[in-house]
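Source file: work_26.tsv (TSV, C-alpha atoms)
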```
chain	number	residue	atom	x	y	z
A	55	MET	CA	-13.14	32.14	8.22
A	56	GLU	CA	-13.48	29.47	5.55
A	57	ASN	CA	-9.93	30.02	4.30
A	58	ARG	CA	-8.61	29.88	7.85
A	59	LEU	CA	-10.34	26.55	8.45
A	60	LYS	CA	-8.92	25.23	5.19
A	61	ASN	CA	-5.38	26.31	6.11
A	62	ILE	CA	-5.66	24.76	9.57
A	63	GLY	CA	-6.83	21.50	8.02
A	64	LEU	CA	-3.99	21.46	5.49
A	65	LEU	CA	-1.40	22.20	8.18
A	66	CYS	CA	-2.71	19.28	10.25
A	67	PHE	CA	-2.77	17.02	7.19
A	68	TRP	CA	0.83	17.68	6.15
A	69	THR	CA	2.04	17.37	9.74
A	70	ALA	CA	0.34	14.00	10.10
A	71	LEU	CA	1.62	12.81	6.71
A	72	ILE	CA	5.21	13.63	7.63
A	73	ILE	CA	4.87	11.93	11.02
A	74	GLU	CA	3.46	8.80	9.37
A	75	LEU	CA	6.41	8.75	6.95
A	76	ILE	CA	8.91	9.08	9.78
A	77	ILE	CA	7.18	6.21	11.63
A	78	VAL	CA	7.64	3.99	8.55
A	79	ILE	CA	11.35	4.81	8.30
A	80	VAL	CA	11.89	4.25	12.02
A	81	ASP	CA	10.12	0.89	11.74
A	82	LYS	CA	12.53	-0.14	8.97
A	83	SER	CA	15.47	0.63	11.25
A	84	ALA	CA	16.79	-1.38	14.18
A	85	TYR	CA	15.16	1.05	16.63
A	86	THR	CA	12.05	-0.01	18.52
A	87	ASN	CA	9.74	2.98	18.76
A	88	PRO	CA	8.08	2.99	22.21
A	89	TYR	CA	5.80	5.89	21.22
A	90	GLU	CA	4.38	4.34	18.06
A	91	GLY	CA	0.85	3.89	19.45
A	92	GLN	CA	0.70	7.45	20.72
A	93	LEU	CA	1.95	8.78	17.39
A	94	PHE	CA	-0.74	6.81	15.55
A	95	ARG	CA	-3.37	8.43	17.76
A	96	LEU	CA	-1.86	11.86	17.10
A	97	THR	CA	-1.86	11.44	13.31
A	98	PHE	CA	-5.40	10.07	13.46
A	99	LEU	CA	-6.57	13.19	15.28
A	100	LEU	CA	-4.71	15.45	12.85
A	101	PHE	CA	-6.31	13.73	9.85
A	102	CYS	CA	-9.68	14.08	11.62
A	103	VAL	CA	-9.09	17.85	11.85
A	104	LYS	CA	-8.49	17.89	8.09
A	105	VAL	CA	-11.78	16.03	7.58
A	106	ALA	CA	-13.56	18.47	9.89
A	107	THR	CA	-12.30	21.46	7.89
A	108	THR	CA	-13.12	20.02	4.45
A	109	LYS	CA	-16.45	20.30	2.64
A	110	TYR	CA	-18.05	17.15	1.29
A	111	SER	CA	-21.09	16.69	-0.91
A	112	LYS	CA	-24.15	14.70	0.14
A	113	LYS	CA	-23.05	11.67	-1.87
A	114	GLU	CA	-19.52	11.96	-0.50
A	115	TRP	CA	-20.91	11.92	3.02
A	116	GLY	CA	-22.89	8.80	2.18
A	117	CYS	CA	-19.70	7.13	0.96
A	118	ILE	CA	-17.79	8.24	4.07
A	119	LEU	CA	-20.48	6.94	6.42
A	120	LEU	CA	-20.72	3.59	4.58
A	121	PHE	CA	-17.02	2.78	4.59
A	122	GLY	CA	-16.55	4.39	7.99
A	123	ALA	CA	-19.18	2.01	9.39
A	124	VAL	CA	-17.34	-1.01	7.92
A	125	ALA	CA	-14.08	0.22	9.45
A	126	VAL	CA	-15.63	0.84	12.86
A	127	ILE	CA	-17.29	-2.59	12.92
A	128	SER	CA	-13.96	-4.11	11.93
A	129	TYR	CA	-12.22	-2.29	14.78
A	130	PHE	CA	-14.70	-3.45	17.43
A	131	ILE	CA	-14.43	-7.08	16.29
A	132	ASN	CA	-10.75	-7.60	15.46
A	133	GLU	CA	-9.44	-4.74	17.65
A	134	ARG	CA	-7.17	-3.44	14.85
A	135	ASP	CA	-7.41	0.29	14.31
A	136	GLU	CA	-5.69	0.37	10.89
A	137	ALA	CA	-8.99	0.24	8.96
A	138	VAL	CA	-10.39	3.27	10.79
A	139	ARG	CA	-7.14	5.18	10.39
A	140	ALA	CA	-6.97	4.28	6.71
A	141	VAL	CA	-10.52	5.46	6.02
A	142	VAL	CA	-9.92	8.77	7.80
A	143	PHE	CA	-6.64	9.26	5.92
A	144	VAL	CA	-8.23	8.55	2.53
A	145	VAL	CA	-11.17	10.86	3.26
A	146	SER	CA	-8.83	13.62	4.45
A	147	CYS	CA	-6.95	13.60	1.13
A	148	LYS	CA	-9.75	15.51	-0.60
A	149	ASP	CA	-8.51	18.77	-2.16
A	150	VAL	CA	-4.86	17.84	-1.55
A	151	ASP	CA	-2.57	17.85	-4.58
A	152	LEU	CA	-1.76	14.22	-5.48
A	153	LYS	CA	1.65	14.83	-7.00
A	154	LYS	CA	2.68	17.04	-4.09
A	155	MET	CA	1.82	14.20	-1.70
A	156	LEU	CA	3.80	11.72	-3.76
A	157	ARG	CA	6.79	14.08	-4.03
A	158	VAL	CA	6.86	14.51	-0.25
A	159	ILE	CA	6.53	10.75	0.24
A	160	LEU	CA	9.32	10.02	-2.23
A	161	ALA	CA	11.66	12.71	-0.87
A	162	LEU	CA	11.28	11.82	2.81
A	163	THR	CA	11.44	8.08	2.16
A	164	PHE	CA	14.57	8.51	0.07
A	165	VAL	CA	16.24	10.73	2.68
A	166	GLY	CA	15.28	8.33	5.47
A	167	SER	CA	16.63	5.37	3.51
A	168	VAL	CA	19.93	7.18	2.87
A	169	ILE	CA	20.25	8.00	6.58
A	170	LEU	CA	19.72	4.33	7.51
A	171	PHE	CA	22.26	3.31	4.86
A	172	VAL	CA	24.91	5.74	6.16
A	173	LEU	CA	24.32	4.87	9.82
A	174	SER	CA	24.61	1.13	9.18
A	175	ALA	CA	27.57	1.43	6.77
A	176	SER	CA	29.49	3.53	9.29
A	177	GLY	CA	28.74	1.11	12.13
A	178	ILE	CA	26.95	3.77	14.16
A	179	PHE	CA	23.51	2.14	14.19
A	180	GLY	CA	21.81	-0.76	12.47
A	181	VAL	CA	22.97	-3.83	10.59
A	182	PHE	CA	24.57	-3.43	7.17
A	183	SER	CA	24.52	-7.12	6.21
A	184	LEU	CA	23.24	-10.43	7.54
A	185	THR	CA	24.90	-13.84	7.38
A	186	THR	CA	22.38	-16.59	8.04
A	187	ASP	CA	20.11	-19.19	6.45
A	188	PHE	CA	17.33	-17.20	4.76
A	189	GLY	CA	15.20	-20.29	4.20
A	190	ARG	CA	17.17	-21.47	1.17
A	191	GLU	CA	18.89	-24.31	3.06
A	192	ARG	CA	22.27	-22.62	2.97
A	193	VAL	CA	24.10	-19.94	4.96
A	194	GLU	CA	24.70	-16.81	2.91
A	195	THR	CA	25.52	-13.13	3.32
A	196	ARG	CA	23.00	-10.63	2.04
A	197	TYR	CA	22.90	-6.88	2.52
A	198	CYS	CA	20.02	-5.05	4.19
A	199	PHE	CA	21.65	-1.57	4.43
A	200	GLY	CA	20.16	-0.76	7.82
A	201	MET	CA	16.62	-2.00	7.09
A	202	GLY	CA	16.69	-5.26	9.03
A	203	HIS	CA	16.21	-7.58	6.08
A	204	PRO	CA	17.45	-7.60	2.46
A	205	ASN	CA	13.89	-8.00	1.14
A	206	ALA	CA	12.84	-4.92	3.10
A	207	PHE	CA	15.46	-2.78	1.33
A	208	GLN	CA	14.67	-4.14	-2.13
A	209	THR	CA	10.94	-3.70	-1.58
A	210	MET	CA	11.41	-0.15	-0.36
A	211	LEU	CA	13.49	0.60	-3.45
A	212	PHE	CA	10.71	-0.88	-5.59
A	213	MET	CA	8.09	1.29	-3.89
A	214	MET	CA	10.15	4.46	-4.34
A	215	SER	CA	10.85	3.54	-7.97
A	216	SER	CA	7.13	3.10	-8.67
A	217	VAL	CA	6.34	6.54	-7.23
A	218	TYR	CA	9.14	8.13	-9.27
A	219	ILE	CA	7.80	6.52	-12.45
A	220	TYR	CA	4.32	7.81	-11.70
A	221	LEU	CA	5.57	11.34	-11.05
A	222	GLN	CA	7.36	11.31	-14.39
A	223	GLY	CA	4.01	10.56	-15.99
A	224	ARG	CA	2.96	9.12	-19.31
A	225	ASP	CA	5.75	10.95	-21.15
A	226	ILE	CA	8.53	9.36	-19.12
A	227	LYS	CA	11.75	9.12	-21.13
A	228	GLN	CA	13.93	6.10	-21.71
A	229	LEU	CA	16.83	7.33	-19.56
A	230	PRO	CA	14.91	7.52	-16.23
A	231	LEU	CA	13.50	4.03	-16.83
A	232	LEU	CA	16.96	2.73	-17.66
A	233	LEU	CA	18.44	4.30	-14.51
A	234	ILE	CA	15.65	2.87	-12.35
A	235	GLY	CA	16.28	-0.57	-13.83
A	236	ILE	CA	20.03	-0.27	-13.22
A	237	ALA	CA	19.48	0.91	-9.62
A	238	ASN	CA	17.20	-2.06	-8.87
A	239	ILE	CA	19.61	-4.53	-10.49
A	240	ALA	CA	22.53	-3.03	-8.57
A	241	ALA	CA	20.63	-3.38	-5.31
A	242	TYR	CA	19.74	-6.97	-6.21
A	243	LEU	CA	23.42	-7.86	-6.53
A	244	PHE	CA	23.73	-7.13	-2.81
A	245	THR	CA	20.29	-8.10	-1.47
A	246	ASP	CA	19.69	-11.15	-3.68
A	247	SER	CA	15.99	-10.31	-3.28
A	248	ASN	CA	14.27	-11.81	-6.29
A	249	THR	CA	10.77	-10.51	-5.61
A	250	GLY	CA	11.43	-6.79	-5.71
A	251	LEU	CA	13.62	-7.03	-8.81
A	252	ILE	CA	11.27	-9.27	-10.83
A	253	VAL	CA	8.20	-7.14	-10.13
A	254	MET	CA	10.13	-3.93	-10.81
A	255	MET	CA	11.32	-5.22	-14.17
A	256	ALA	CA	7.75	-6.26	-14.99
A	257	VAL	CA	6.47	-2.78	-14.08
A	258	ILE	CA	9.13	-1.14	-16.27
A	259	ALA	CA	8.26	-3.49	-19.15
A	260	GLY	CA	4.57	-2.65	-18.76
A	261	ILE	CA	5.26	1.08	-18.74
A	262	VAL	CA	7.49	0.83	-21.82
A	263	LEU	CA	4.91	-1.23	-23.69
A	264	LEU	CA	2.04	1.18	-22.98
A	265	ARG	CA	4.26	4.25	-23.42
A	266	TYR	CA	5.50	3.37	-26.89
A	267	VAL	CA	2.46	1.47	-28.18
A	268	LYS	CA	0.10	4.32	-27.43
A	269	ALA	CA	-2.95	2.64	-28.93
A	270	LEU	CA	-2.66	-0.08	-26.27
A	271	GLY	CA	-2.70	2.43	-23.43
A	272	GLU	CA	-6.05	3.74	-24.63
A	273	LYS	CA	-7.83	0.40	-25.01
A	274	ARG	CA	-10.36	-0.63	-22.39
A	275	LEU	CA	-9.32	-4.26	-22.85
A	276	VAL	CA	-5.88	-3.52	-21.35
A	277	TYR	CA	-7.47	-2.15	-18.18
A	278	ILE	CA	-9.90	-5.07	-18.02
A	279	LEU	CA	-6.94	-7.44	-18.28
A	280	GLY	CA	-5.24	-5.54	-15.44
A	281	ALA	CA	-8.32	-6.04	-13.26
A	282	VAL	CA	-8.40	-9.73	-14.23
A	283	VAL	CA	-4.76	-10.12	-13.15
A	284	VAL	CA	-5.52	-8.54	-9.76
A	285	LEU	CA	-8.51	-10.87	-9.25
A	286	ALA	CA	-6.49	-13.87	-10.45
A	287	VAL	CA	-3.77	-13.09	-7.91
A	288	VAL	CA	-6.40	-12.87	-5.15
A	289	LEU	CA	-8.10	-16.12	-6.18
A	290	PHE	CA	-4.75	-17.88	-6.43
A	291	SER	CA	-3.85	-16.65	-2.94
A	292	ILE	CA	-7.16	-17.96	-1.62
A	293	TYR	CA	-6.45	-21.33	-3.22
A	294	GLY	CA	-2.96	-21.32	-1.72
A	295	SER	CA	-4.37	-20.61	1.72
A	296	HIS	CA	-6.50	-23.74	1.37
A	297	VAL	CA	-3.87	-26.22	0.13
A	298	GLY	CA	-0.59	-24.72	1.35
A	299	SER	CA	2.05	-26.69	-0.53
A	300	LYS	CA	0.26	-30.05	-0.52
A	301	THR	CA	-0.29	-30.37	-4.26
A	302	PRO	CA	2.70	-31.08	-6.55
A	303	PHE	CA	2.23	-27.77	-8.38
A	304	MET	CA	1.98	-25.71	-5.19
A	305	TYR	CA	4.95	-27.59	-3.70
A	306	ARG	CA	7.17	-26.65	-6.63
A	307	LEU	CA	5.89	-23.09	-6.72
A	308	ASP	CA	6.12	-22.57	-2.98
A	309	SER	CA	9.66	-23.93	-2.97
A	310	ALA	CA	10.55	-21.17	-5.44
A	311	LEU	CA	8.76	-18.67	-3.17
A	312	ASN	CA	10.70	-19.80	-0.08
A	313	GLY	CA	7.62	-21.25	1.59
A	314	ARG	CA	5.33	-18.21	1.45
A	315	PHE	CA	2.16	-20.29	1.29
A	316	GLN	CA	3.37	-22.94	3.69
A	317	SER	CA	4.19	-20.26	6.28
A	318	ALA	CA	0.60	-19.07	6.11
A	319	TYR	CA	-0.89	-22.57	5.95
A	320	ARG	CA	0.77	-23.66	9.18
A	321	ILE	CA	-1.53	-21.18	10.96
A	322	LYS	CA	-4.91	-22.89	11.12
A	323	THR	CA	-6.94	-19.68	11.29
A	324	ALA	CA	-5.16	-18.33	8.19
A	325	ARG	CA	-6.71	-21.03	6.00
A	326	VAL	CA	-9.66	-19.92	3.89
A	327	GLU	CA	-12.08	-22.34	5.55
A	328	ASN	CA	-11.45	-20.62	8.89
A	329	TRP	CA	-11.69	-16.98	7.76
A	330	THR	CA	-14.36	-14.86	9.42
A	331	LEU	CA	-16.24	-11.79	8.24
A	332	PHE	CA	-14.20	-9.33	10.32
A	333	GLY	CA	-11.21	-11.28	11.56
A	334	ASP	CA	-10.37	-12.07	15.16
A	335	PRO	CA	-8.25	-10.27	17.80
A	336	ASP	CA	-6.22	-13.46	18.21
A	337	ASN	CA	-5.09	-13.34	14.57
A	338	VAL	CA	-1.80	-11.56	15.14
A	339	GLU	CA	0.88	-13.69	13.49
A	340	TYR	CA	3.07	-12.35	10.67
A	341	PHE	CA	3.86	-14.05	7.37
A	342	ASP	CA	4.82	-12.79	3.93
A	343	GLN	CA	1.87	-13.73	1.71
A	344	GLY	CA	0.06	-10.40	1.45
A	345	PHE	CA	-3.50	-11.29	0.47
A	346	ILE	CA	-3.76	-14.17	2.92
A	347	ARG	CA	-2.56	-11.83	5.67
A	348	LEU	CA	-5.20	-9.30	4.57
A	349	PHE	CA	-8.03	-11.82	5.00
A	350	TYR	CA	-6.48	-13.33	8.14
A	351	TRP	CA	-5.94	-10.05	9.98
A	352	TYR	CA	-9.02	-8.08	8.97
A	353	GLY	CA	-11.58	-10.57	7.77
A	354	ILE	CA	-13.49	-11.22	4.56
A	355	ILE	CA	-15.52	-8.00	4.33
A	356	PRO	CA	-12.64	-5.51	4.91
A	357	ALA	CA	-10.47	-7.58	2.52
A	358	ILE	CA	-13.14	-7.41	-0.19
A	359	VAL	CA	-13.34	-3.64	0.32
A	360	CYS	CA	-9.56	-3.36	-0.11
A	361	ILE	CA	-9.56	-5.48	-3.26
A	362	GLY	CA	-12.52	-3.49	-4.56
A	363	ALA	CA	-10.50	-0.31	-3.94
A	364	SER	CA	-7.73	-1.63	-6.21
A	365	LEU	CA	-10.28	-2.39	-8.93
A	366	PHE	CA	-11.77	1.08	-8.45
A	367	LEU	CA	-8.33	2.60	-9.02
A	368	ILE	CA	-8.01	0.62	-12.25
A	369	ARG	CA	-11.40	1.97	-13.34
A	370	GLN	CA	-10.34	5.52	-12.53
A	371	SER	CA	-7.02	5.03	-14.29
A	372	TYR	CA	-8.93	4.06	-17.44
A	373	LYS	CA	-11.18	7.12	-17.21
A	374	ALA	CA	-8.13	9.35	-16.71
A	375	GLY	CA	-6.05	7.56	-19.36
A	376	ASP	CA	-3.50	6.93	-16.61
A	377	TYR	CA	-1.81	3.69	-17.63
A	378	CYS	CA	1.04	4.31	-15.18
A	379	LEU	CA	-1.36	3.82	-12.30
A	380	LEU	CA	-2.79	0.70	-13.96
A	381	VAL	CA	0.66	-0.90	-14.15
A	382	ILE	CA	1.49	0.09	-10.57
A	383	VAL	CA	-1.76	-1.32	-9.12
A	384	VAL	CA	-1.17	-4.62	-10.92
A	385	GLY	CA	2.50	-4.59	-9.85
A	386	TYR	CA	1.54	-4.09	-6.20
A	387	ALA	CA	-0.92	-6.99	-6.42
A	388	VAL	CA	1.74	-9.31	-7.87
A	389	LEU	CA	4.22	-8.15	-5.20
A	390	SER	CA	1.69	-9.16	-2.54
A	391	ILE	CA	1.94	-12.80	-3.60
A	392	MET	CA	5.41	-12.85	-2.07
A	393	GLU	CA	5.58	-9.85	0.27
A	394	ALA	CA	3.08	-8.37	2.73
A	395	HIS	CA	4.69	-4.91	2.64
A	396	LEU	CA	1.37	-3.24	1.83
A	397	ILE	CA	-0.55	-5.06	4.57
A	398	SER	CA	0.67	-3.56	7.82
A	399	VAL	CA	-0.17	-1.18	10.64
A	400	TYR	CA	1.75	1.54	8.78
A	401	LEU	CA	-0.52	3.50	6.45
A	402	LEU	CA	2.22	4.94	4.29
A	403	ARG	CA	3.71	1.62	3.42
A	404	ASN	CA	0.72	1.29	1.11
A	405	TYR	CA	0.82	4.08	-1.47
A	406	LEU	CA	-2.45	2.86	-2.97
A	407	LEU	CA	-4.12	4.71	-0.10
A	408	VAL	CA	-2.66	7.95	-1.48
A	409	TRP	CA	-4.04	7.36	-4.97
A	410	LEU	CA	-7.33	6.28	-3.43
A	411	GLY	CA	-7.34	9.51	-1.42
A	412	TYR	CA	-7.17	11.47	-4.66
A	413	TYR	CA	-9.65	9.42	-6.69
A	414	TRP	CA	-12.32	8.34	-4.18
A	415	TYR	CA	-14.41	11.51	-4.49
A	416	GLN	CA	-13.93	12.06	-8.23
A	417	PRO	CA	-17.12	10.19	-9.27
A	418	PHE	CA	-19.16	12.53	-7.05
A	419	GLN	CA	-17.79	15.75	-8.51
A	420	GLU	CA	-20.25	15.99	-11.39
A	421	LYS	CA	-23.24	16.62	-9.14
A	422	GLN	CA	-22.87	18.21	-5.74
A	423	GLU	CA	-26.34	18.49	-4.32
A	424	TYR	CA	-25.05	19.43	-0.89
A	425	GLU	CA	-21.79	20.62	0.57
A	426	GLY	CA	-21.01	20.81	4.24
A	427	TYR	CA	-18.56	20.18	7.06
A	428	PHE	CA	-18.71	17.18	9.36
A	429	TRP	CA	-20.66	19.07	12.02
A	430	GLN	CA	-23.46	19.56	9.48
A	431	VAL	CA	-24.05	15.82	9.01
A	432	LYS	CA	-27.08	15.97	11.29
A	433	GLY	CA	-28.70	18.47	8.97
A	434	LEU	CA	-27.67	16.37	6.01
A	435	LEU	CA	-29.41	13.29	7.35
A	436	GLY	CA	-32.53	15.28	8.09
A	437	ARG	CA	-32.86	16.58	4.52
A	438	GLY	CA	-34.33	13.38	3.12
```

So that I can check it, write out the structure of this file as structure tokens.
Amino acid sequence: MENRLKNIGLLCFWTALIIELIIVIVDKSAYTNPYEGQLFRLTFLLFCVKVATTKYSKKEWGCILLFGAVAVISYFINERDEAVRAVVFVVSCKDVDLKKMLRVILALTFVGSVILFVLSASGIFGVFSLTTDFGRERVETRYCFGMGHPNAFQTMLFMMSSVYIYLQGRDIKQLPLLLIGIANIAAYLFTDSNTGLIVMMAVIAGIVLLRYVKALGEKRLVYILGAVVVLAVVLFSIYGSHVGSKTPFMYRLDSALNGRFQSAYRIKTARVENWTLFGDPDNVEYFDQGFIRLFYWYGIIPAIVCIGASLFLIRQSYKAGDYCLLVIVVGYAVLSIMEAHLISVYLLRNYLLVWLGYYWYQPFQEKQEYEGYFWQVKGLLGRG
């Protein structure tokens, strides 16, 4: 019976994961998916089945209930269901092989991207290139390869490259890194998307440094510095949300960033002085600065939880000696200065949720005072 429950849960999990990946690819295309909301509900229910068929310890249940409560409160106040869906997804990842998840994500995302490329290149569906003013005060032609915007393609390539690097592990060879660098540079020649290329090169440089100076990859100070960079990026984003491009420094910087901070600042409720604890249902506008969008859409408390999750992953990467994850977490934070790819209604745009799904329960594994399914929570709470 127990094995049957486990198999049912895993079947539901993989089905939901694949559906979520397909939703992401469809969103990147020119097609407007009229069934997106219904599919989100379906994947939510499937992940819930996985949770219901998975055993959790007493401390794990406490963690689930705590963060679940934050997500539910967030949903009732800002009317966005992403936080609830994200928590259920992360919780459902227990006992699922991390590298298998990442391989499936990489394979399906790559195949989907190739399909969009072929369809747009052949003129069947989607736009292959765009000729317009991209905010640089000149008309230019840039290639999006079926993904709607050049930055979207370059960012997707960056995300896939980061997963590939992680799957190769700490012993990654020079050739794969070289090929990844060449692929990103080649794409840049067509997309002219500075953000994705710069961050990708920085990630590769970080991996090379920690790979070949092994003593560095083992030092706690390196991981502390990574956490400091993440916090510095967040604090800088908060400052930018307050001043926009009013100061000389921010004006020059924001000009180089094509008005990322100014785009957020023009929305009054996106400024730090107007943020609320759990956001507001009227906060629905899109802009590219990731951390400001995080606070604007979801509020201060959910945003702090998300930032804390990134710091938690850095802590776990140190304990596991996993410097690849350290570099990726920092890279994603830096990317979010200029792109809000990770902050969206699509769970599997943000691969940090996958790593979080693997690591969230690891600290509780040493002592398991209680194990039970979700329907045994009542008994759990009554045990004192």

Item to check | Å distance separating atom CA of Lys82 of chain A from atom CA of Arg403 of chain A, one decimal place | outcome: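 Those two atoms sit 10.6 Å apart.
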
Checklist entry - Could you pull the residues within 9 Å of segment 263-274 of chain A, counting all atoms listed in the file, minus those fewer than 2 positions along the same chain, as a PyMOL selection string? => result chain A and resi 224-226+258-261+276-279+372+375-378

Item to check | Between atom CA of Pro335 of chain A and atom CA of Phe349 of chain A, distance in Å (one decimal) | outcome: 12.9 Å

Item to check | Closest of A:Ser215, A:Asn205, A:Ser128, A:Ser176 to Leu233 of chain A - atom-to-atom distances counting all atoms listed in the file | outcome: A:Ser215

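Each of A:Val144, A:Gly313, A:Trp409, A:Trp68 was compared to Phe188 of chain A using all atoms listed in the file, and A:Gly313 turns out to be the nearest.
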
Checklist entry - Taking all atoms listed in the file into account, which of A:Val253, A:Ile234, A:Ile219, A:Ile391 comes nearest Phe290 of chain A? => result A:Ile391

Next on the checklist: Using only C-alpha atoms for the distances, tell me which of A:Gly385, A:Pro356, A:Gly250, A:Pro302 is nearest to Gly235 of chain A.
Outcome noted: A:Gly250

Checklist entry - What does the distance between atom CA of Leu401 of chain A and atom CA of Arg139 of chain A come to in Å, to one decimal place? => result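 One can read the atom CA of Leu401 of chain A to atom CA of Arg139 of chain A distance as 7.9 Å.
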
Checklist entry - With distances taken over only C-alpha atoms, which of A:Asn248, A:Ser295, A:Gln419, A:Ser216 is nearest to Leu156 of chain A? => result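 The shortest atom-to-atom distance to Leu156 of chain A comes from A:Ser216.
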
Checklist entry - Counting only C-alpha atoms, which of A:Ile321, A:Val383, A:Leu243, A:Met214 gets nearest to Gly362 of chain A? => result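 Under the stated criterion, the closest residue is A:Val383.
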
Next on the checklist: From (15.9, -7.9, 8.1), in the file's coordinates, out to 12 Å: which residues are reached, counting all atoms listed in the file? Answer as number ranges by chain.
Outcome noted: A: 81-84, 180-186, 188, 195-209, 245, 247

Item to check | Distance query segment 114-116 of chain A at most 7 Å, all atoms listed in the file, self and fewer than 3 positions along chain excluded, as a PyMOL selection string | outcome: chain A and resi 110-111+119-120+415+418

Item to check | Non-local contacts of Val103 of chain A (12 Å; all atoms listed in the file; under 6 positions in same chain excluded) as a list of chain:residue names | outcome: A:Leu59, A:Lys60, A:Asn61, A:Ile62, A:Gly63, A:Leu64, A:Leu65, A:Cys66, A:Phe67, A:Trp68, A:Thr69, A:Ala70, A:Leu96, A:Thr97, A:Val142, A:Phe143, A:Val145, A:Ser146, A:Cys147, A:Tyr427, A:Phe428, A:Trp429

Checklist entry - Taking (6.6, -12.7, -5.2) in the file's coordinates, which residues come within 9 Å, counting only C-alpha atoms, written as an NGL selection string? => result :A and (248-250 or 252-253 or 311 or 314 or 343 or 388-393)

Item to check | Distance query Asp336 of chain A at most 10 Å, only C-alpha atoms, self and fewer than 4 positions along chain excluded, as number ranges by chain | outcome: A: 132-133, 323, 351

Contacts of Tyr405 of chain A within 9 Å, all atoms listed in the file, excl. fewer than 3 positions in-chain, as an mmCIF file with C-alpha atoms, in the frame of the given file:
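result_39.cif, written as the output of this step:
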```cif
data_model
loop_
_atom_site.group_PDB
_atom_site.id
_atom_site.type_symbol
_atom_site.label_atom_id
_atom_site.label_comp_id
_atom_site.auth_asym_id
_atom_site.auth_seq_id
_atom_site.Cartn_x
_atom_site.Cartn_y
_atom_site.Cartn_z
ATOM 1 C CA LEU A 156 3.800 11.720 -3.760
ATOM 2 C CA ILE A 159 6.530 10.750 0.240
ATOM 3 C CA MET A 213 8.090 1.290 -3.890
ATOM 4 C CA VAL A 217 6.340 6.540 -7.230
ATOM 5 C CA LEU A 396 1.370 -3.240 1.830
ATOM 6 C CA LEU A 401 -0.520 3.500 6.450
ATOM 7 C CA LEU A 402 2.220 4.940 4.290
ATOM 8 C CA VAL A 408 -2.660 7.950 -1.480
ATOM 9 C CA TRP A 409 -4.040 7.360 -4.970
ATOM 10 C CA LEU A 410 -7.330 6.280 -3.430
#
```
